[in-house]
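Report on the structure given below.
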Amino acid sequence: MRRLLYEITHTTTYSYAGQVSVSHHLLRLALRAGPRQHCLDHRLSISPAPAVTSLHGDYFGNITHFITVERPHQQLAITSHSRVALSPAFIPEPTETPSWETVRARCRGDRSAHALEAHEFTYASPLVPIRPEFTDYAEPSFPKERPVLDAVTDLTRRIHEDFTFDPTATTVATPIETVFKQRRGVCQDFAQFQIACLRSLGLPARYVSGYLETDPPPGQPKLRGADASHAWVSIFCPGLGWLDVDPTNNCLPFLRHLTVGWGRDYSDVCPIRGVLMGGENQKLEVAVDVVACGALEDLTV
């Protein structure tokens with residue numbers, strides 16, 4: 001099978017005005033394995049070195065590292081190195097998918113394992129409420145009996161056209177209602193808003209965290225560390241499984257989106273979260289490089 005090989009470096013640096021005596025952190029930085037995506041290598045480089053490191057899978061199957069740093073420090077640097085082989089996504093003809101009402105009904109009444117898993121993603125979550133105004137926004141894309149992927153791609157297009165990408169407009173704590181009102185934000189906001197629209201219609205949708213290979217402006221070299229984490233949406237379609245859509249870029253992910261994890265919303269897949277003793281005036285710096293290294297033919301893993 002023909003696959004693309006990617007190398008990803010994600011460095012997060014915390015600097016503190018005061019000294020931290022001990023800190024505990026959960027890391028979700030290792031990419032998931034799946035039918036399309038094979039993580040060939042993953043390494044963490046952490047300074048100061050942690051006294052404790054453990055690895056487990058969370059409720060959603062995402063790879064999670066737990067670390068404890070017991071050495072006093074005023075800076076913590078965490079670098080994740082990954083080599084990943086990615087094969088193309090299967091994208092069905094949108095107009096040949098089941099109607100959105102059929103999908104909603106199946107996820108309410110079907111008791112198969114896949115449908116029950118999808119049903120979990122029809123409810124409100126900590127960062128994604130269900131509101132009538134989100135239903136109202138989505139409804140023009142969902143007339144009676146419209147095929148579900150056709151409807152979702154139309155909603156994706158509308159969000160892309162109606163909302164402005166503005167990194168200064170929001171933070172990770174900005175409510176979706178504010179994003180909707182000001183129509184500005186970043187990929188996390190657009191993904192969570194689309195999920196809110198879909199769940200408000202009774203459709204299963206989950207939040208996907210990962211990376212996107214990007215291109216520099218025409219005529220300019222790609223800058224080191226200039227990439228970023230990315231977020232998009234997956235919808236469930238009976239018989240086809242989970243299908244990805246990217247409202248930030250108005251596309252169906254095919255061969256440039258690399259998945260770290262998924263959950264109900266950003267709070268389930270935050271790359272790094274922690275608890276500190278000490279430390280003041282935290283400063284955060286993040287640098288990400290996503291590099292395509294060429295194709296691999298007939299890869300066996």
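Going by the structure tokens order, chains are called A, B, ..., each with residues numbered from 1, while ligands are numbered from 1 in the order shown.
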Per residue of region 184-294 of chain A within 10 Å of region 10-14 of chain A, what are the shortest atom pair and its distance in Å to one decimal, counting only C-alpha atoms, with rows by chain and residue number, as CSV?
```
residue,atom,partner,partner_atom,distance
A:Tyr211,CA,A:His10,CA,9.8
A:Gly225,CA,A:His10,CA,8.2
A:Asp227,CA,A:His10,CA,9.1
A:Ala228,CA,A:His10,CA,8.3
A:Ser229,CA,A:His10,CA,8.6
A:Pro271,CA,A:Thr12,CA,9.6
A:Ile272,CA,A:Thr12,CA,8.7
A:Gln282,CA,A:Tyr14,CA,6.6
A:Lys283,CA,A:Tyr14,CA,5.7
A:Leu284,CA,A:Tyr14,CA,4.8
A:Glu285,CA,A:Thr13,CA,5.2
A:Val286,CA,A:Thr12,CA,4.6
A:Ala287,CA,A:Thr11,CA,5.2
A:Val288,CA,A:His10,CA,4.5
A:Asp289,CA,A:His10,CA,6.5
A:Val290,CA,A:His10,CA,8.6
```
Atoms to include: N, CA and C atoms. Write the selected residues as a compact mmCIF listing (two decimals), in the first residue's frame.
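See part_9.txt below for the written result:
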```txt
# COMPACT_ATOMS: atom_id res chain seq x y z
N TYR A 211 -2.44 17.15 13.53
CA TYR A 211 -1.56 18.06 12.80
C TYR A 211 -1.97 18.11 11.34
N GLY A 225 9.31 25.46 12.86
CA GLY A 225 8.49 25.75 14.02
C GLY A 225 7.24 26.54 13.73
N ASP A 227 4.52 25.56 12.00
CA ASP A 227 3.27 24.82 11.96
C ASP A 227 2.58 24.87 13.33
N ALA A 228 1.45 24.23 13.45
CA ALA A 228 0.71 24.27 14.71
C ALA A 228 -0.14 23.02 14.83
N SER A 229 -0.62 22.79 16.04
CA SER A 229 -1.63 21.74 16.20
C SER A 229 -2.88 22.15 15.44
N PRO A 271 -3.30 18.83 24.51
CA PRO A 271 -1.96 18.22 24.38
C PRO A 271 -1.21 18.08 25.70
N ILE A 272 -1.25 19.13 26.53
CA ILE A 272 -0.55 19.09 27.81
C ILE A 272 -1.39 19.82 28.84
N GLN A 282 3.35 32.33 34.26
CA GLN A 282 3.74 31.33 33.26
C GLN A 282 3.76 31.91 31.85
N LYS A 283 4.79 31.60 31.10
CA LYS A 283 4.91 31.97 29.69
C LYS A 283 5.01 30.70 28.87
N LEU A 284 4.21 30.62 27.82
CA LEU A 284 4.14 29.41 27.00
C LEU A 284 4.63 29.70 25.59
N GLU A 285 5.48 28.83 25.08
CA GLU A 285 5.94 28.89 23.69
C GLU A 285 5.77 27.51 23.05
N VAL A 286 5.22 27.49 21.85
CA VAL A 286 4.99 26.22 21.14
C VAL A 286 5.56 26.33 19.73
N ALA A 287 6.31 25.32 19.32
CA ALA A 287 6.85 25.25 17.96
C ALA A 287 6.56 23.87 17.40
N VAL A 288 5.99 23.82 16.19
CA VAL A 288 5.61 22.56 15.56
C VAL A 288 6.16 22.52 14.14
N ASP A 289 6.75 21.39 13.78
CA ASP A 289 7.19 21.13 12.41
C ASP A 289 6.52 19.85 11.91
N VAL A 290 5.83 19.94 10.77
CA VAL A 290 5.24 18.78 10.11
C VAL A 290 5.88 18.69 8.72
```
*asked:* Can you tell me, as a ChimeraX atom specification, which residues in region 76-150 of chain A count as strand (DSSP E) by DSSP?
replied: /A:76-86
Selection to disk with N, CA and C atoms, as an mmCIF file, in the first residue's frame:
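Once written, result00.cif looks like this:
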```
data_model
loop_
_atom_site.group_PDB
_atom_site.id
_atom_site.type_symbol
_atom_site.label_atom_id
_atom_site.label_comp_id
_atom_site.auth_asym_id
_atom_site.auth_seq_id
_atom_site.Cartn_x
_atom_site.Cartn_y
_atom_site.Cartn_z
ATOM 1 N N LEU A 76 10.323 24.370 31.804
ATOM 2 C CA LEU A 76 10.048 22.975 31.454
ATOM 3 C C LEU A 76 9.891 22.898 29.952
ATOM 4 N N ALA A 77 10.701 22.056 29.308
ATOM 5 C CA ALA A 77 10.644 21.885 27.852
ATOM 6 C C ALA A 77 10.261 20.443 27.541
ATOM 7 N N ILE A 78 9.200 20.276 26.746
ATOM 8 C CA ILE A 78 8.705 18.953 26.360
ATOM 9 C C ILE A 78 8.691 18.892 24.837
ATOM 10 N N THR A 79 9.458 17.970 24.274
ATOM 11 C CA THR A 79 9.514 17.811 22.822
ATOM 12 C C THR A 79 9.064 16.405 22.448
ATOM 13 N N SER A 80 8.109 16.339 21.528
ATOM 14 C CA SER A 80 7.600 15.076 21.009
ATOM 15 C C SER A 80 8.100 14.899 19.585
ATOM 16 N N HIS A 81 8.771 13.771 19.316
ATOM 17 C CA HIS A 81 9.261 13.436 17.975
ATOM 18 C C HIS A 81 8.477 12.224 17.469
ATOM 19 N N SER A 82 7.919 12.321 16.253
ATOM 20 C CA SER A 82 7.146 11.207 15.696
ATOM 21 C C SER A 82 7.510 10.983 14.238
ATOM 22 N N ARG A 83 7.499 9.707 13.826
ATOM 23 C CA ARG A 83 7.569 9.322 12.418
ATOM 24 C C ARG A 83 6.313 8.512 12.135
ATOM 25 N N VAL A 84 5.550 8.949 11.145
ATOM 26 C CA VAL A 84 4.234 8.388 10.901
ATOM 27 C C VAL A 84 4.052 8.088 9.427
ATOM 28 N N ALA A 85 3.510 6.914 9.108
ATOM 29 C CA ALA A 85 3.132 6.565 7.738
ATOM 30 C C ALA A 85 1.621 6.698 7.614
ATOM 31 N N LEU A 86 1.181 7.437 6.591
ATOM 32 C CA LEU A 86 -0.236 7.741 6.428
ATOM 33 C C LEU A 86 -0.697 7.345 5.035
#
```
_Considering only helix (DSSP H, G or I) as DSSP defines it on the backbone, what residues of region 56-179 of chain A qualify? List them as a PyMOL selection string._
chain A and resi 94-96+100-109+113-122+132-141+148-162+176-179
_Which residues are near region 149-158 of chain A? Cut-off 8 Å, only C-alpha atoms, ignore same chain within fewer than 3 positions. Put them as a VMD selection string._
chain A and resid 94 to 95 97 100 138 141 to 142 146 161 to 162 194 245 to 247 250 to 251
Restricting the output to C-alpha atoms, write the selected residues as a short mmCIF file (atom, residue, chain, number, x, y, z; two decimals), in the first residue's frame.
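The resulting file, again30.cif, is reproduced below:
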```cif
data_model
loop_
_atom_site.label_atom_id
_atom_site.label_comp_id
_atom_site.auth_asym_id
_atom_site.auth_seq_id
_atom_site.Cartn_x
_atom_site.Cartn_y
_atom_site.Cartn_z
CA PRO A 94 -21.48 12.67 -0.47
CA THR A 95 -24.79 12.32 -2.31
CA THR A 97 -24.59 8.48 1.86
CA TRP A 100 -29.22 12.59 7.87
CA ALA A 138 -27.41 24.30 10.82
CA SER A 141 -27.87 22.69 5.24
CA PHE A 142 -30.19 19.89 6.41
CA ARG A 146 -30.62 15.20 2.29
CA GLU A 161 -17.29 31.35 4.59
CA ASP A 162 -19.09 32.91 7.57
CA GLN A 194 -19.65 22.61 13.97
CA VAL A 245 -14.47 17.18 7.76
CA ASP A 246 -12.34 20.30 8.30
CA PRO A 247 -14.34 23.54 8.66
CA ASN A 250 -13.40 23.64 3.97
CA CYS A 251 -12.16 20.20 2.99
#
```
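For the choices A:Gly219, A:Leu44, A:Val291, A:Cys187, the atom-to-atom distance to Asn249 (chain A) is smallest for A:Cys187 when using only C-alpha atoms.
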*asked:* What's around Phe60 (chain A) at 9 Å? Count only C-alpha atoms, leave out sequence neighbours fewer than 6 positions away in its own chain, and write the answer as a list in words.
replied: Gly261, Trp262, Gly263 and Asp268 of chain A
*Work out how far apart CA of Leu116 (chain A) and CA of Gly61 (chain A) are and give it in Å to one decimal.*
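According to the coordinates, CA of Leu116 (chain A) and CA of Gly61 (chain A) are separated by 15.8 Å.
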*asked:* Taking only C-alpha atoms into account, name the residue in A:Pro92, A:Gly202, A:Pro175, A:Gly18 that is nearest to Gln74 (chain A).
replied: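 Of all the options, A:Gly18 lies closest to Gln74 (chain A).
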*Which residue out of A:Ala124, A:Leu276, A:Phe163, A:Gln75 has the minimum interatomic distance to Ala205 (chain A) when only C-alpha atoms are used?*
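Of all the options, A:Ala124 lies closest to Ala205 (chain A).
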*Quick one: residues within 10 Å of Thr135 (chain A), only C-alpha atoms counted, chain neighbours fewer than 4 positions away excluded, as a PyMOL selection string?*
chain A and resi 130-131+139-140+142+196-202
_Which residue is closest to Pro238 (chain A)? Choose from A:Ser99, A:Ser21, A:Ser125, A:Thr64 and count only C-alpha atoms._
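Counting only C-alpha atoms, the residue closest to Pro238 (chain A) is A:Ser99.
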_Atomic separation - CA of Ile159 (chain A) relative to CA of Tyr123 (chain A), Å_ =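 Taking CA of Tyr123 (chain A) as the start and CA of Ile159 (chain A) as the end point, the length is 21.1 Å.
Comparing A:Val148, A:Cys293, A:Trp242, A:Tyr59 by their smallest distance to Glu93 (chain A), the closest is A:Val148 (using only C-alpha atoms).
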_My list of candidates is A:Glu101, A:Asp189, A:Asp58, A:Glu213. Which is closest to Leu4 (chain A) when distances are computed with only C-alpha atoms?_
A:Glu213
*Identify, on the basis of only C-alpha atoms, every residue whose closest approach to Val52 (chain A) does not exceed 9 Å; exclude the query and any residue fewer than 6 positions from it along the same chain; express the result as a ChimeraX atom specification.*
/A:66-70
*Spatial neighbours of Gln182 (chain A), max dist 10 Å, only C-alpha atoms, sep filter under 2 positions, as an NGL selection string*: :A and (163-164 or 169-170 or 176-180 or 184-185)
_For CA of Pro132 (chain A) and CA of Val269 (chain A), the interatomic separation in Å (one decimal)_ =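 So the two atoms, CA of Pro132 (chain A) and CA of Val269 (chain A), lie 26.5 Å apart.
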